[in-house]
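K.L.:
This is the structure I have questions about; it appears just below.
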Amino acid sequence: MKRRDFINYGKLAALGTMLPTTAFASGKKADAPFNLNYAPHFGMFAKSAAGGPLSELDFMAERGFRSLEDNGMKDRSVDLQKQIAARMEKHGMSMGVFVAHTIYWSEPNLTSGKQDYRDQFLKEIRESVEVAKRVNAKWMTVVPGFVDLRKDEGYQTANVVESLKQACDILEPHGLTMVLEPLNRRDHPGLFLSKASQGFEICKAVDSPSCKILYDIYHQQITEGNLIPNIEASWDEIAYFQVGDNPGRKEPTTGEINYLNVFKFIEEKGFDGIVGMEHGNSQAGKVGEERVIAAYREVDAFK
């Protein structure tokens, strides 16, 4: 996951937020909603909806998308968060995940069991509660961080579970859920959480509705494959999906994953949550943006 690439867009996003131009202002008829609730991120349609994030939201809604995913929401100004929330409400859109805390990509934090790291994590979870309220979010992404090479995996797991239990004490009264994301070790070598089964084990140990799995299909195709059986095995603890095709982490239809069948499976299982479109565009410009939409129409055509 290249979160930092997505978040960099947020530093520029505020430049166009006050422009009145909207996709709906064109008077065009909106596209039909998709079967599943796919959530694009800012920057994905920047060429088709020039003018900043609010214009992008208008464009997303016009083209049939019902949610937004924004990893960098927490880093945006309070004023911009409120503007985004108001525009989503106008279009009846939902907010997907945002990153809840500092992710340690190269040193152990939650796995170490050290109190200062735990205190920092819990402080940032409290801050994220306020962000979630502001933008009407239900989910936030948590990545437990780097492995602690000085500790056996069992001790690391116990340390992570304890931190997450304390975080749940903060989240549960607000009806919010942190979703743990296993990341593949090819793209992110050294991270502690990599498999869905590991996330399942941790969620069962935490035993809270506020701690579930974010099943990123791209990452799990690389880590373990066997997607549909592994989704089935983890189903009770999955609250959120993200997608990207492999290789390349671009839109569905550009790689080896049969997203039509995967989406059909999760829809038939009764999934009614958000599917985050956490990938790049395979082609540049407006042509590439239209290709993304066409790809989702193709893989969403399971009924």
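Residues are named by chain letter and number: chains run A, B, ... in the order of the structure tokens, numbers start at 1 in each chain, and ligands are numbered from 1 in the order shown.
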Contacts of region 38-47 of chain A at 6 Å or less, counting only C-alpha atoms, minus same-chain residues fewer than 4 places along, as number ranges by chain?
P.N.:
A: 67-70, 274-277, 285-286, 289
K.L.:
Within region 73-255 of chain A, find each residue whose DSSP state, derived from the backbone, is helix (DSSP H, G or I), and express the selection as an NGL selection string.
P.N.:
:A and (73-75 or 78-91 or 110-112 or 115-135 or 153-174 or 196-206 or 217-223 or 227-237)
K.L.:
For the contact check between region 153-179 of chain A and region 198-220 of chain A, emit one row per residue of region 153-179 of chain A within 7 Å, containing the shortest atom pair and the distance in Å rounded to one decimal, counting only C-alpha atoms, chain then rising number order, as CSV.
P.N.:
residue,atom,partner,partner_atom,distance
A:Val161,CA,A:Val206,CA,5.9
A:Leu164,CA,A:Val206,CA,6.8
A:Lys165,CA,A:Val206,CA,5.6
A:Cys168,CA,A:Ser210,CA,5.6
A:Leu171,CA,A:Ser210,CA,6.3
A:Glu172,CA,A:Ser210,CA,5.8
A:Leu176,CA,A:Ser210,CA,6.0
A:Thr177,CA,A:Ser210,CA,4.0
A:Met178,CA,A:Cys211,CA,5.2
A:Val179,CA,A:Lys212,CA,4.8
K.L.:
Using all heavy atoms, can you export the residues from the last selection as a compact mmCIF listing (two decimals), in the first residue's frame?
P.N.:
# COMPACT_ATOMS: atom_id res chain seq x y z
N VAL A 161 -2.36 -7.20 20.82
CA VAL A 161 -3.73 -7.42 21.31
C VAL A 161 -4.05 -6.49 22.47
O VAL A 161 -5.14 -5.90 22.53
CB VAL A 161 -3.92 -8.90 21.71
CG1 VAL A 161 -5.21 -9.09 22.52
CG2 VAL A 161 -3.94 -9.78 20.46
N LEU A 164 -4.71 -3.00 21.22
CA LEU A 164 -5.98 -2.92 20.50
C LEU A 164 -7.17 -3.00 21.45
O LEU A 164 -8.19 -2.35 21.23
CB LEU A 164 -6.05 -4.03 19.45
CG LEU A 164 -4.99 -3.97 18.34
CD1 LEU A 164 -5.15 -5.14 17.40
CD2 LEU A 164 -5.06 -2.65 17.58
N LYS A 165 -7.05 -3.79 22.50
CA LYS A 165 -8.13 -3.83 23.50
C LYS A 165 -8.33 -2.45 24.13
O LYS A 165 -9.48 -2.01 24.32
CB LYS A 165 -7.80 -4.86 24.59
CG LYS A 165 -8.01 -6.30 24.18
CD LYS A 165 -7.74 -7.24 25.35
CE LYS A 165 -8.09 -8.68 24.99
NZ LYS A 165 -7.86 -9.61 26.13
N CYS A 168 -10.08 -0.25 21.74
CA CYS A 168 -11.51 -0.55 21.67
C CYS A 168 -12.29 0.11 22.80
O CYS A 168 -13.46 0.49 22.61
CB CYS A 168 -11.73 -2.06 21.68
SG CYS A 168 -11.28 -2.87 20.13
N LEU A 171 -13.07 3.37 21.33
CA LEU A 171 -13.91 3.38 20.14
C LEU A 171 -15.34 2.88 20.38
O LEU A 171 -16.29 3.39 19.78
CB LEU A 171 -13.27 2.51 19.06
CG LEU A 171 -11.92 3.01 18.51
CD1 LEU A 171 -11.28 1.94 17.64
CD2 LEU A 171 -12.09 4.31 17.74
N GLU A 172 -15.49 1.89 21.23
CA GLU A 172 -16.80 1.26 21.40
C GLU A 172 -17.91 2.23 21.79
O GLU A 172 -19.02 2.15 21.23
CB GLU A 172 -16.71 0.13 22.43
CG GLU A 172 -16.07 -1.13 21.89
CD GLU A 172 -16.02 -2.24 22.93
OE1 GLU A 172 -16.70 -2.11 23.98
OE2 GLU A 172 -15.33 -3.25 22.70
N LEU A 176 -17.56 3.10 16.68
CA LEU A 176 -16.56 3.15 15.62
C LEU A 176 -15.75 1.86 15.59
O LEU A 176 -15.61 1.17 16.61
CB LEU A 176 -15.62 4.34 15.83
CG LEU A 176 -16.28 5.72 15.82
CD1 LEU A 176 -15.27 6.80 16.17
CD2 LEU A 176 -16.93 6.00 14.46
N THR A 177 -15.20 1.55 14.43
CA THR A 177 -14.46 0.31 14.24
C THR A 177 -13.11 0.58 13.60
O THR A 177 -13.03 1.24 12.56
CB THR A 177 -15.24 -0.67 13.34
OG1 THR A 177 -16.50 -0.95 13.95
CG2 THR A 177 -14.47 -1.97 13.15
N MET A 178 -12.05 0.09 14.23
CA MET A 178 -10.74 0.08 13.56
C MET A 178 -10.64 -1.21 12.77
O MET A 178 -11.04 -2.28 13.25
CB MET A 178 -9.59 0.22 14.56
CG MET A 178 -9.54 -0.85 15.61
SD MET A 178 -8.21 -0.54 16.80
CE MET A 178 -8.65 -1.73 18.07
N VAL A 179 -10.14 -1.12 11.56
CA VAL A 179 -9.98 -2.31 10.72
C VAL A 179 -8.48 -2.53 10.52
O VAL A 179 -7.76 -1.66 10.07
CB VAL A 179 -10.73 -2.17 9.38
CG1 VAL A 179 -12.22 -2.37 9.61
CG2 VAL A 179 -10.50 -0.83 8.70
K.L.:
When distances are computed from only C-alpha atoms, which of A:Pro182, A:Gly280, A:Gly51, A:Gly270 shows the smallest separation from Gly244 (chain A)?
P.N.:
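Nearest candidate to Gly244 (chain A) out of A:Pro182, A:Gly280, A:Gly51, A:Gly270: A:Gly280.
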K.L.:
Give me, please, the distance in Å between CA of Lys303 (chain A) and CA of Phe65 (chain A), quoted to one decimal.
P.N.:
17.5 Å
